[in-house]
$ cat start-v7.cif   # mmCIF, C-alpha atoms
data_upload
#
loop_
_atom_site.group_PDB
_atom_site.id
_atom_site.type_symbol
_atom_site.label_atom_id
_atom_site.label_comp_id
_atom_site.auth_asym_id
_atom_site.auth_seq_id
_atom_site.Cartn_x
_atom_site.Cartn_y
_atom_site.Cartn_z
ATOM 1 C CA MET A 1 -23.662 -10.741 -63.807
ATOM 2 C CA SER A 2 -21.706 -9.025 -61.055
ATOM 3 C CA LEU A 3 -23.119 -8.463 -57.607
ATOM 4 C CA ASP A 4 -25.301 -5.407 -57.205
ATOM 5 C CA PRO A 5 -23.044 -2.620 -55.782
ATOM 6 C CA GLN A 6 -25.327 -2.150 -52.773
ATOM 7 C CA VAL A 7 -25.184 -5.879 -52.063
ATOM 8 C CA GLN A 8 -21.393 -5.854 -52.337
ATOM 9 C CA GLY A 9 -21.200 -2.922 -49.940
ATOM 10 C CA LEU A 10 -23.402 -4.747 -47.458
ATOM 11 C CA LEU A 11 -21.286 -7.901 -47.638
ATOM 12 C CA ASP A 12 -18.155 -5.808 -47.123
ATOM 13 C CA ALA A 13 -19.736 -4.244 -44.046
ATOM 14 C CA PHE A 14 -20.697 -7.646 -42.660
ATOM 15 C CA LYS A 15 -17.118 -8.837 -43.148
ATOM 16 C CA ALA A 16 -15.697 -5.751 -41.464
ATOM 17 C CA GLN A 17 -18.008 -6.320 -38.500
ATOM 18 C CA GLY A 18 -16.803 -9.904 -38.183
ATOM 19 C CA LEU A 19 -20.250 -11.407 -38.726
ATOM 20 C CA LYS A 20 -20.075 -15.171 -38.242
ATOM 21 C CA SER A 21 -21.894 -17.639 -40.435
ATOM 22 C CA PHE A 22 -24.856 -19.326 -38.794
ATOM 23 C CA GLU A 23 -23.158 -22.708 -38.581
ATOM 24 C CA GLN A 24 -20.545 -21.051 -36.342
ATOM 25 C CA MET A 25 -23.214 -19.928 -33.876
ATOM 26 C CA THR A 26 -25.220 -21.560 -31.164
ATOM 27 C CA VAL A 27 -28.970 -21.657 -31.687
ATOM 28 C CA PRO A 28 -29.549 -18.784 -29.200
ATOM 29 C CA GLU A 29 -26.839 -16.727 -30.937
ATOM 30 C CA SER A 30 -28.476 -17.282 -34.325
ATOM 31 C CA ARG A 31 -31.815 -16.087 -32.972
ATOM 32 C CA GLU A 32 -30.303 -12.974 -31.452
ATOM 33 C CA THR A 33 -28.200 -12.186 -34.533
ATOM 34 C CA ALA A 34 -31.170 -12.568 -36.878
ATOM 35 C CA MET A 35 -32.952 -9.655 -35.221
ATOM 36 C CA ALA A 36 -30.337 -7.343 -36.765
ATOM 37 C CA PHE A 37 -32.174 -7.776 -40.076
ATOM 38 C CA VAL A 38 -34.912 -5.493 -38.725
ATOM 39 C CA GLY A 39 -32.546 -2.579 -39.258
ATOM 40 C CA LEU A 40 -32.137 -3.487 -42.938
ATOM 41 C CA GLU A 41 -35.830 -3.796 -43.753
ATOM 42 C CA GLY A 42 -36.497 -0.110 -44.321
ATOM 43 C CA ASP A 43 -39.294 2.064 -43.026
ATOM 44 C CA GLU A 44 -42.235 0.647 -41.125
ATOM 45 C CA GLU A 45 -45.145 1.104 -43.496
ATOM 46 C CA ALA A 46 -48.492 2.127 -42.089
ATOM 47 C CA VAL A 47 -51.429 -0.279 -42.434
ATOM 48 C CA ALA A 48 -55.032 0.201 -41.348
ATOM 49 C CA ASP A 49 -55.043 -2.316 -38.492
ATOM 50 C CA VAL A 50 -52.845 -4.891 -36.744
ATOM 51 C CA SER A 51 -54.143 -7.569 -34.369
ATOM 52 C CA ASN A 52 -52.517 -10.440 -32.475
ATOM 53 C CA HIS A 53 -54.044 -13.878 -31.970
ATOM 54 C CA ARG A 54 -53.251 -17.322 -30.560
ATOM 55 C CA VAL A 55 -53.990 -20.385 -32.655
ATOM 56 C CA PRO A 56 -54.381 -23.827 -31.055
ATOM 57 C CA VAL A 57 -52.119 -26.506 -32.517
ATOM 58 C CA LYS A 58 -51.215 -30.027 -31.517
ATOM 59 C CA GLY A 59 -49.272 -29.774 -28.259
ATOM 60 C CA GLY A 60 -49.811 -26.075 -27.651
ATOM 61 C CA ASP A 61 -50.563 -22.868 -29.497
ATOM 62 C CA ILE A 62 -48.802 -20.443 -31.833
ATOM 63 C CA ALA A 63 -48.889 -16.707 -32.398
ATOM 64 C CA VAL A 64 -50.459 -15.137 -35.472
ATOM 65 C CA ARG A 65 -50.448 -11.443 -36.384
ATOM 66 C CA ILE A 66 -52.906 -10.034 -38.907
ATOM 67 C CA TYR A 67 -52.275 -6.857 -40.910
ATOM 68 C CA ARG A 68 -55.285 -5.312 -42.640
ATOM 69 C CA PRO A 69 -55.272 -2.737 -45.430
ATOM 70 C CA ALA A 70 -57.598 0.229 -45.700
ATOM 71 C CA GLY A 71 -60.985 -0.370 -47.251
ATOM 72 C CA SER A 72 -64.000 -2.393 -46.380
ATOM 73 C CA ALA A 73 -63.887 -6.037 -45.302
ATOM 74 C CA PRO A 74 -63.757 -8.830 -46.180
ATOM 75 C CA HIS A 75 -60.176 -8.570 -47.378
ATOM 76 C CA PRO A 76 -58.384 -11.190 -49.469
ATOM 77 C CA MET A 77 -55.756 -12.864 -47.316
ATOM 78 C CA LEU A 78 -52.086 -13.714 -47.770
ATOM 79 C CA VAL A 79 -50.903 -16.286 -45.218
ATOM 80 C CA TYR A 80 -47.183 -15.593 -44.742
ATOM 81 C CA PHE A 81 -44.433 -17.816 -43.295
ATOM 82 C CA HIS A 82 -41.102 -16.180 -42.461
ATOM 83 C CA GLY A 83 -37.667 -17.580 -43.198
ATOM 84 C CA GLY A 84 -34.941 -18.493 -40.745
ATOM 85 C CA GLY A 85 -33.772 -22.001 -41.539
ATOM 86 C CA PHE A 86 -36.604 -23.493 -39.430
ATOM 87 C CA VAL A 87 -34.478 -22.406 -36.433
ATOM 88 C CA PHE A 88 -34.903 -18.643 -35.923
ATOM 89 C CA GLY A 89 -37.351 -15.878 -36.711
ATOM 90 C CA ASN A 90 -40.514 -14.511 -35.155
ATOM 91 C CA LEU A 91 -43.355 -12.092 -35.867
ATOM 92 C CA ASP A 92 -41.353 -9.051 -34.756
ATOM 93 C CA LEU A 93 -38.465 -9.881 -37.095
ATOM 94 C CA VAL A 94 -40.767 -9.766 -40.131
ATOM 95 C CA ASP A 95 -43.198 -7.093 -38.956
ATOM 96 C CA LYS A 96 -41.959 -4.607 -41.575
ATOM 97 C CA VAL A 97 -41.960 -7.300 -44.266
ATOM 98 C CA ALA A 98 -45.576 -8.198 -43.506
ATOM 99 C CA ARG A 99 -46.603 -4.534 -43.602
ATOM 100 C CA SER A 100 -44.941 -4.091 -46.995
ATOM 101 C CA LEU A 101 -46.688 -7.198 -48.343
ATOM 102 C CA CYS A 102 -50.029 -5.940 -47.036
ATOM 103 C CA ASN A 103 -49.649 -2.687 -48.941
ATOM 104 C CA ALA A 104 -48.151 -4.243 -52.080
ATOM 105 C CA ALA A 105 -51.023 -6.718 -52.433
ATOM 106 C CA ASN A 106 -53.760 -4.569 -50.875
ATOM 107 C CA ALA A 107 -54.655 -7.675 -48.898
ATOM 108 C CA ALA A 108 -54.664 -8.769 -45.285
ATOM 109 C CA VAL A 109 -51.474 -10.561 -44.282
ATOM 110 C CA VAL A 110 -51.758 -13.385 -41.762
ATOM 111 C CA SER A 111 -48.210 -13.803 -40.411
ATOM 112 C CA VAL A 112 -47.809 -17.241 -38.776
ATOM 113 C CA ASP A 113 -45.185 -17.868 -36.084
ATOM 114 C CA TYR A 114 -44.698 -21.628 -36.431
ATOM 115 C CA ARG A 115 -42.613 -23.427 -33.807
ATOM 116 C CA LYS A 116 -38.873 -23.818 -34.468
ATOM 117 C CA ALA A 117 -36.244 -26.530 -34.403
ATOM 118 C CA PRO A 118 -34.361 -27.972 -32.613
ATOM 119 C CA GLU A 119 -36.982 -27.794 -29.862
ATOM 120 C CA HIS A 120 -39.694 -28.631 -32.390
ATOM 121 C CA PRO A 121 -38.227 -30.591 -35.325
ATOM 122 C CA TYR A 122 -40.023 -31.726 -38.478
ATOM 123 C CA PRO A 123 -42.964 -32.150 -38.978
ATOM 124 C CA THR A 124 -43.926 -29.446 -36.469
ATOM 125 C CA ALA A 125 -43.250 -26.448 -38.735
ATOM 126 C CA PRO A 126 -45.395 -27.538 -41.707
ATOM 127 C CA GLU A 127 -48.169 -28.796 -39.421
ATOM 128 C CA ASP A 128 -48.199 -25.463 -37.561
ATOM 129 C CA ALA A 129 -48.135 -23.573 -40.855
ATOM 130 C CA TYR A 130 -51.073 -25.565 -42.173
ATOM 131 C CA ALA A 131 -52.956 -25.095 -38.895
ATOM 132 C CA GLY A 132 -52.491 -21.337 -39.256
ATOM 133 C CA LEU A 133 -53.921 -21.454 -42.771
ATOM 134 C CA VAL A 134 -56.928 -23.535 -41.708
ATOM 135 C CA TRP A 135 -57.589 -21.295 -38.679
ATOM 136 C CA ALA A 136 -57.575 -18.178 -40.850
ATOM 137 C CA ARG A 137 -60.046 -19.748 -43.283
ATOM 138 C CA GLU A 138 -62.326 -21.090 -40.547
ATOM 139 C CA ASN A 139 -62.382 -17.767 -38.670
ATOM 140 C CA ALA A 140 -62.459 -15.567 -41.748
ATOM 141 C CA ALA A 141 -65.868 -14.027 -41.086
ATOM 142 C CA LYS A 142 -65.054 -12.677 -37.639
ATOM 143 C CA LEU A 143 -61.545 -11.635 -38.740
ATOM 144 C CA GLY A 144 -62.796 -9.607 -41.712
ATOM 145 C CA LEU A 145 -61.112 -11.949 -44.206
ATOM 146 C CA ASP A 146 -62.420 -13.485 -47.417
ATOM 147 C CA PRO A 147 -62.287 -17.313 -47.264
ATOM 148 C CA ALA A 148 -62.669 -17.493 -51.040
ATOM 149 C CA ARG A 149 -59.530 -15.458 -51.765
ATOM 150 C CA ILE A 150 -56.485 -17.012 -50.081
ATOM 151 C CA ALA A 151 -52.814 -17.034 -51.076
ATOM 152 C CA VAL A 152 -49.698 -18.234 -49.265
ATOM 153 C CA ALA A 153 -46.194 -16.777 -49.255
ATOM 154 C CA GLY A 154 -42.829 -17.319 -47.644
ATOM 155 C CA ASP A 155 -39.112 -16.702 -48.020
ATOM 156 C CA SER A 156 -36.330 -19.295 -47.681
ATOM 157 C CA ALA A 157 -37.540 -21.825 -45.069
ATOM 158 C CA GLY A 158 -40.838 -19.963 -45.185
ATOM 159 C CA GLY A 159 -40.876 -20.448 -48.951
ATOM 160 C CA ASN A 160 -40.494 -24.144 -48.285
ATOM 161 C CA LEU A 161 -43.478 -23.998 -45.937
ATOM 162 C CA ALA A 162 -45.600 -22.068 -48.446
ATOM 163 C CA ALA A 163 -44.835 -24.699 -51.093
ATOM 164 C CA VAL A 164 -45.481 -27.552 -48.663
ATOM 165 C CA VAL A 165 -48.717 -26.029 -47.338
ATOM 166 C CA SER A 166 -49.924 -25.691 -50.938
ATOM 167 C CA GLN A 167 -49.427 -29.429 -51.329
ATOM 168 C CA MET A 168 -50.984 -30.195 -47.938
ATOM 169 C CA ALA A 169 -54.084 -28.130 -48.748
ATOM 170 C CA ARG A 170 -54.550 -30.069 -51.987
ATOM 171 C CA ASP A 171 -53.782 -33.454 -50.424
ATOM 172 C CA ARG A 172 -56.097 -32.905 -47.444
ATOM 173 C CA LYS A 173 -58.835 -31.172 -49.421
ATOM 174 C CA GLY A 174 -58.283 -28.111 -47.283
ATOM 175 C CA PRO A 175 -58.496 -24.385 -48.071
ATOM 176 C CA LYS A 176 -58.405 -23.544 -51.760
ATOM 177 C CA ILE A 177 -55.291 -21.488 -52.459
ATOM 178 C CA ALA A 178 -55.329 -19.012 -55.327
ATOM 179 C CA HIS A 179 -51.577 -18.324 -55.511
ATOM 180 C CA GLN A 180 -48.284 -19.266 -53.873
ATOM 181 C CA VAL A 181 -45.377 -16.829 -53.552
ATOM 182 C CA LEU A 182 -42.039 -18.600 -53.056
ATOM 183 C CA VAL A 183 -39.072 -16.318 -52.380
ATOM 184 C CA TYR A 184 -35.743 -18.186 -52.783
ATOM 185 C CA PRO A 185 -37.423 -21.308 -51.388
ATOM 186 C CA VAL A 186 -35.805 -24.416 -49.957
ATOM 187 C CA THR A 187 -37.223 -27.138 -52.206
ATOM 188 C CA ASP A 188 -34.815 -30.094 -52.146
ATOM 189 C CA ALA A 189 -33.056 -30.984 -48.898
ATOM 190 C CA ALA A 190 -31.298 -33.980 -50.447
ATOM 191 C CA GLY A 191 -30.428 -32.457 -53.825
ATOM 192 C CA ASP A 192 -27.037 -31.618 -55.303
ATOM 193 C CA TYR A 193 -26.987 -28.454 -57.388
ATOM 194 C CA PRO A 194 -24.136 -26.384 -58.904
ATOM 195 C CA SER A 195 -25.232 -23.231 -57.063
ATOM 196 C CA ARG A 196 -24.563 -24.940 -53.737
ATOM 197 C CA LYS A 197 -20.899 -25.151 -54.685
ATOM 198 C CA GLU A 198 -20.650 -21.885 -56.639
ATOM 199 C CA ASN A 199 -22.194 -19.883 -53.799
ATOM 200 C CA ALA A 200 -21.095 -22.033 -50.876
ATOM 201 C CA GLU A 201 -19.210 -19.206 -49.141
ATOM 202 C CA GLY A 202 -19.131 -15.445 -49.091
ATOM 203 C CA TYR A 203 -22.750 -14.492 -49.850
ATOM 204 C CA LEU A 204 -24.353 -14.419 -46.376
ATOM 205 C CA LEU A 205 -26.071 -17.810 -46.564
ATOM 206 C CA THR A 206 -23.490 -20.583 -46.778
ATOM 207 C CA GLN A 207 -23.830 -24.219 -47.708
ATOM 208 C CA GLY A 208 -22.516 -25.029 -44.236
ATOM 209 C CA ALA A 209 -25.362 -23.041 -42.718
ATOM 210 C CA MET A 210 -27.900 -24.999 -44.749
ATOM 211 C CA GLN A 211 -26.441 -28.251 -43.422
ATOM 212 C CA TRP A 212 -26.575 -26.793 -39.896
ATOM 213 C CA PHE A 213 -30.232 -25.829 -40.309
ATOM 214 C CA PHE A 214 -31.234 -29.244 -41.597
ATOM 215 C CA GLY A 215 -29.220 -30.874 -38.818
ATOM 216 C CA HIS A 216 -31.557 -29.197 -36.348
ATOM 217 C CA TYR A 217 -34.750 -29.545 -38.396
ATOM 218 C CA LEU A 218 -34.581 -33.243 -39.333
ATOM 219 C CA THR A 219 -34.280 -36.074 -36.848
ATOM 220 C CA GLN A 220 -33.183 -38.644 -39.431
ATOM 221 C CA PRO A 221 -31.564 -38.286 -42.873
ATOM 222 C CA ALA A 222 -34.314 -40.224 -44.657
ATOM 223 C CA GLN A 223 -36.754 -37.390 -43.928
ATOM 224 C CA ALA A 224 -34.950 -35.261 -46.534
ATOM 225 C CA SER A 225 -36.830 -37.198 -49.228
ATOM 226 C CA ASP A 226 -40.276 -36.522 -47.751
ATOM 227 C CA ALA A 227 -42.392 -34.317 -50.014
ATOM 228 C CA TYR A 228 -43.273 -32.140 -47.025
ATOM 229 C CA VAL A 229 -39.539 -31.514 -46.446
ATOM 230 C CA SER A 230 -38.500 -31.362 -50.108
ATOM 231 C CA PRO A 231 -41.594 -30.255 -52.044
ATOM 232 C CA ILE A 232 -39.895 -30.966 -55.378
ATOM 233 C CA LYS A 233 -40.269 -34.670 -54.482
ATOM 234 C CA GLY A 234 -44.060 -34.376 -54.334
ATOM 235 C CA ASP A 235 -46.828 -34.531 -56.910
ATOM 236 C CA LEU A 236 -46.995 -31.012 -58.342
ATOM 237 C CA LYS A 237 -50.152 -31.393 -60.400
ATOM 238 C CA GLY A 238 -53.135 -29.323 -59.396
ATOM 239 C CA LEU A 239 -51.171 -26.847 -57.301
ATOM 240 C CA PRO A 240 -51.960 -23.113 -57.282
ATOM 241 C CA ALA A 241 -50.250 -20.728 -59.669
ATOM 242 C CA ALA A 242 -46.888 -19.581 -58.380
ATOM 243 C CA THR A 243 -44.515 -16.662 -58.243
ATOM 244 C CA VAL A 244 -40.986 -18.014 -57.727
ATOM 245 C CA ILE A 245 -38.229 -15.547 -56.820
ATOM 246 C CA THR A 246 -34.579 -16.642 -56.998
ATOM 247 C CA ALA A 247 -31.228 -14.913 -56.403
ATOM 248 C CA GLY A 248 -28.106 -15.377 -58.512
ATOM 249 C CA TYR A 249 -25.603 -15.508 -55.632
ATOM 250 C CA ASP A 250 -27.560 -17.935 -53.479
ATOM 251 C CA PRO A 251 -26.804 -21.588 -52.665
ATOM 252 C CA LEU A 252 -30.547 -22.203 -53.155
ATOM 253 C CA ARG A 253 -30.716 -20.636 -56.623
ATOM 254 C CA ASP A 254 -30.752 -23.834 -58.656
ATOM 255 C CA GLU A 255 -33.302 -25.711 -56.551
ATOM 256 C CA GLY A 256 -35.608 -22.695 -56.821
ATOM 257 C CA ASP A 257 -35.105 -22.695 -60.578
ATOM 258 C CA ALA A 258 -35.728 -26.446 -60.665
ATOM 259 C CA TYR A 259 -38.949 -26.110 -58.688
ATOM 260 C CA ALA A 260 -40.248 -23.395 -61.012
ATOM 261 C CA LYS A 261 -39.529 -25.621 -64.006
ATOM 262 C CA ALA A 262 -41.086 -28.680 -62.328
ATOM 263 C CA LEU A 263 -44.246 -26.720 -61.509
ATOM 264 C CA ALA A 264 -44.533 -25.548 -65.116
ATOM 265 C CA LYS A 265 -43.977 -29.096 -66.378
ATOM 266 C CA ALA A 266 -46.837 -30.222 -64.130
ATOM 267 C CA GLY A 267 -49.140 -27.680 -65.760
ATOM 268 C CA VAL A 268 -48.948 -25.006 -63.060
ATOM 269 C CA SER A 269 -48.799 -21.371 -64.180
ATOM 270 C CA VAL A 270 -45.472 -19.943 -62.980
ATOM 271 C CA ASP A 271 -43.951 -16.463 -62.953
ATOM 272 C CA HIS A 272 -40.269 -17.182 -62.335
ATOM 273 C CA VAL A 273 -38.356 -14.029 -61.432
ATOM 274 C CA PRO A 274 -34.572 -14.516 -61.346
ATOM 275 C CA ASN A 275 -32.505 -11.802 -59.678
ATOM 276 C CA PRO A 276 -28.987 -12.478 -60.974
ATOM 277 C CA THR A 277 -27.235 -9.718 -58.972
ATOM 278 C CA MET A 278 -28.829 -10.536 -55.596
ATOM 279 C CA ILE A 279 -27.951 -12.685 -52.578
ATOM 280 C CA HIS A 280 -30.098 -14.817 -50.306
ATOM 281 C CA GLY A 281 -31.883 -12.588 -47.824
ATOM 282 C CA PHE A 282 -32.320 -9.554 -50.078
ATOM 283 C CA PHE A 283 -36.104 -9.721 -49.592
ATOM 284 C CA TRP A 284 -35.530 -8.569 -45.987
ATOM 285 C CA MET A 285 -33.235 -5.713 -47.068
ATOM 286 C CA LYS A 286 -35.570 -3.193 -48.679
ATOM 287 C CA GLY A 287 -34.017 -0.419 -46.605
ATOM 288 C CA VAL A 288 -30.501 -0.897 -47.991
ATOM 289 C CA ILE A 289 -30.967 -2.577 -51.395
ATOM 290 C CA GLY A 290 -32.968 -0.511 -53.863
ATOM 291 C CA HIS A 291 -33.691 -3.464 -56.147
ATOM 292 C CA THR A 292 -35.841 -5.163 -53.496
ATOM 293 C CA GLN A 293 -38.796 -2.819 -53.950
ATOM 294 C CA SER A 294 -39.296 -4.138 -57.482
ATOM 295 C CA ILE A 295 -39.892 -7.613 -56.057
ATOM 296 C CA TYR A 296 -42.595 -6.384 -53.686
ATOM 297 C CA ASP A 297 -44.170 -4.616 -56.660
ATOM 298 C CA ARG A 298 -44.076 -7.803 -58.758
ATOM 299 C CA ILE A 299 -45.525 -9.912 -55.954
ATOM 300 C CA GLY A 300 -48.211 -7.312 -55.348
ATOM 301 C CA ARG A 301 -49.265 -7.277 -59.006
ATOM 302 C CA ASN A 302 -49.459 -11.064 -59.154
ATOM 303 C CA LEU A 303 -51.471 -11.309 -55.960
ATOM 304 C CA ARG A 304 -53.902 -8.580 -57.008
ATOM 305 C CA ALA A 305 -54.432 -10.466 -60.258
ATOM 306 C CA ALA A 306 -55.015 -13.723 -58.372
ATOM 307 C CA PHE A 307 -57.480 -12.017 -56.024
ATOM 308 C CA GLY A 308 -59.273 -10.234 -58.853
ATOM 309 C CA THR A 309 -58.370 -6.798 -57.493
ATOM 310 C CA ALA A 310 -55.802 -5.786 -60.118
#
$ encode --input "start-v7.cif" --output "structure tokens"
Amino acid sequence: MSLDPQVQGLLDAFKAQGLKSFEQMTVPESRETAMAFVGLEGDEEAVADVSNHRVPVKGGDIAVRIYRPAGSAPHPMLVYFHGGGFVFGNLDLVDKVARSLCNAANAAVVSVDYRKAPEHPYPTAPEDAYAGLVWARENAAKLGLDPARIAVAGDSAGGNLAAVVSQMARDRKGPKIAHQVLVYPVTDAAGDYPSRKENAEGYLLTQGAMQWFFGHYLTQPAQASDAYVSPIKGDLKGLPAATVITAGYDPLRDEGDAYAKALAKAGVSVDHVPNPTMIHGFFWMKGVIGHTQSIYDRIGRNLRAAFGTA
């Protein structure tokens, strides 16, 4: 299928503005440029309450922001990890995204600001992400959260972390996760898929950018085969049910498809939602791409079902 007309218009605008690909930027430039996505995310949706917290982790602490819906506590919780190639992104960049997820799922969203590469390479990001999950569960009572109703979600690198944290929670006998939402996730750092060549250039995320991200995230090539880097390499049995969102014009399309199929083969219930006319990043573009709202609606329905609040 052809690109969505709104997506094509956005790509044309990026080209006219001379937007560089991430691999052509320095790390500070990538972090500054990424903040432009805030202007594409649409309106800031109102939620009942927002609070900021610090979570102790090995070697320091990380920021966590909690968004609560209207209604009485305890609220089911969605622990959310933002994208950004493990290199950029912060709580402010995805503030609107977290608000939209809170309203779509009628659940509290715990947005976790894990530490980034290259200053903090693997395994810092997944360990921070898991620490955020455990902290939310352990402090659920005083935070107005329900420790018995937990889901995880993430997009791109954050989708990788949501998938990895789901495996970590099972492996470490940690918090029981009811559902995992994986939006165009990174699942196979060492894989070779047709979509990486088909969509290598021209659709915002490039294959060169992915190599650049992993060059900062990993300290040695062999790490690409670790299950907590490439979750498709892990044991997928006994994982929580999943919603897997993929985009047709995305270098990561095929590894997302492959992960959805591998989960199903392992006996995991999967709702795989392909978006053949979309590009990587469309989840952060609700303000300029009309199609995106349908994905928030789908995620919201699946999470409400998982939480028993449908």
$ residues_around --input "start-v7.cif" --residues "A:Pro28" --least-positions-apart "6" --cutoff "12 Å" --atoms "only C-alpha atoms" --output "JSON, numbers by chain"
{"A": [22, 34, 35, 87, 88, 89, 116, 117, 118, 119]}
$ atom_distance --input "start-v7.cif" --atom1 "atom CA of A:Leu236" --atom2 "atom CA of A:Val270"
12.1 Å
$ resolve_selection --input "start-v7.cif" --expression "the PyMOL selection byres ((chain A and resi 157-161) around 9)" --output "ChimeraX atom specification"
/A:80-86,125-126,129-130,153-156,162-166,180-187,228-231
$ atom_distance --input "start-v7.cif" --atom1 "atom CA of A:Ala151" --atom2 "atom CA of A:Lys58"
23.5 Å
$ residues_around --input "start-v7.cif" --residues "A:Arg298" --least-positions-apart "4" --cutoff "9 Å" --atoms "only C-alpha atoms" --output "compact mmCIF listing (two decimals) with C-alpha atoms, keeping the file's coordinate frame"
# COMPACT_ATOMS: atom_id res chain seq x y z
CA ALA A 104 -48.15 -4.24 -52.08
CA THR A 243 -44.52 -16.66 -58.24
CA VAL A 273 -38.36 -14.03 -61.43
CA GLN A 293 -38.80 -2.82 -53.95
CA SER A 294 -39.30 -4.14 -57.48
CA ASN A 302 -49.46 -11.06 -59.15
CA LEU A 303 -51.47 -11.31 -55.96
$ closest_residue --input "start-v7.cif" --among "A:Pro121, A:Pro76, A:Pro56, A:Gly287" --to "A:Phe214" --atoms "all atoms listed in the file"
A:Pro121
$ resolve_selection --input "start-v7.cif" --expression "the PyMOL selection byres ((chain A and resi 51) around 7)" --output "VMD selection string"
chain A and resid 49 to 50 52 to 53 65 to 67
$ closest_residue --input "start-v7.cif" --among "A:Tyr217, A:Phe282, A:Trp135, A:Tyr114" --to "A:Leu3" --atoms "all atoms listed in the file"
A:Phe282
$ closest_residue --input "start-v7.cif" --among "A:Leu218, A:Leu145, A:Met77, A:Ala105" --to "A:Asp297" --atoms "only C-alpha atoms"
A:Ala105
$ resolve_selection --input "start-v7.cif" --expression "the PyMOL selection byres ((chain A and resi 254-258) around 10)" --output "VMD selection string"
chain A and resid 156 159 to 160 182 to 189 191 to 196 232 244 to 248 250 to 253 259 to 264 272 to 274
$ atom_distance --input "start-v7.cif" --atom1 "atom CA of A:Arg149" --atom2 "atom CA of A:Ile177"
7.4 Å
$ axis_aligned_box --input "start-v7.cif" --around "stretch 129-135 of chain A" --padding-each-side "8 Å" --output "JSON"
{"center_x": -52.9, "center_y": -23.4, "center_z": -40.7, "size_x": 25.5, "size_y": 20.3, "size_z": 20.1}
$ closest_residue --input "start-v7.cif" --among "A:Met278, A:Val38, A:Leu19, A:Ile62" --to "A:Thr124" --atoms "all atoms listed in the file"
A:Ile62
$ closest_residue --input "start-v7.cif" --among "A:Ala36, A:Ile295, A:Ala70, A:Ala108" --to "A:Asp92" --atoms "all atoms listed in the file"
A:Ala36
$ residues_around --input "start-v7.cif" --residues "A:Ala63" --least-positions-apart "3" --cutoff "7 Å" --atoms "all atoms listed in the file" --output "ChimeraX atom specification"
/A:53-55,112-113
$ closest_residue --input "start-v7.cif" --among "A:Ala200, A:Leu239, A:Val109, A:Ala266" --to "A:Ala169" --atoms "all atoms listed in the file"
A:Leu239
$ residues_around --input "start-v7.cif" --residues "stretch 99-103 of chain A" --least-positions-apart "5" --cutoff "8 Å" --atoms "all atoms listed in the file" --output "count of residues only"
11
$ decode --input "start-v7.cif" --residues "stretch 65-103 of chain A" --atoms "C-alpha atoms" --output "short mmCIF file (atom, residue, chain, number, x, y, z; two decimals), in the first residue's frame"
data_model
loop_
_atom_site.label_atom_id
_atom_site.label_comp_id
_atom_site.auth_asym_id
_atom_site.auth_seq_id
_atom_site.Cartn_x
_atom_site.Cartn_y
_atom_site.Cartn_z
CA ARG A 65 6.39 10.61 36.28
CA ILE A 66 2.99 9.18 37.18
CA TYR A 67 -0.24 10.17 35.42
CA ARG A 68 -3.48 9.22 37.15
CA PRO A 69 -6.96 9.09 35.64
CA ALA A 70 -10.13 10.28 37.30
CA GLY A 71 -11.86 7.88 39.65
CA SER A 72 -11.01 6.25 42.90
CA ALA A 73 -7.70 4.53 43.62
CA PRO A 74 -6.13 2.07 43.36
CA HIS A 75 -5.68 2.43 39.62
CA PRO A 76 -4.32 -0.27 37.32
CA MET A 77 -0.88 0.77 36.13
CA LEU A 78 0.84 0.91 32.75
CA VAL A 79 4.63 1.21 33.10
CA TYR A 80 5.78 3.04 29.96
CA PHE A 81 9.26 3.27 28.39
CA HIS A 82 9.79 5.88 25.67
CA GLY A 83 11.66 5.38 22.42
CA GLY A 84 14.76 7.17 21.21
CA GLY A 85 17.28 4.57 20.13
CA PHE A 86 18.53 4.19 23.74
CA VAL A 87 20.27 7.55 23.12
CA PHE A 88 17.67 10.34 23.39
CA GLY A 89 14.30 11.01 24.94
CA ASN A 90 13.03 12.12 28.33
CA LEU A 91 9.80 12.50 30.30
CA ASP A 92 8.98 15.88 28.76
CA LEU A 93 9.31 14.53 25.21
CA VAL A 94 6.61 11.92 25.85
CA ASP A 95 4.45 13.86 28.30
CA LYS A 96 1.59 14.13 25.78
CA VAL A 97 1.99 10.47 24.80
CA ALA A 98 1.73 9.37 28.43
CA ARG A 99 -1.37 11.51 28.96
CA SER A 100 -3.03 9.98 25.90
CA LEU A 101 -2.21 6.47 27.11
CA CYS A 102 -3.61 7.28 30.55
CA ASN A 103 -6.93 8.31 29.05
#
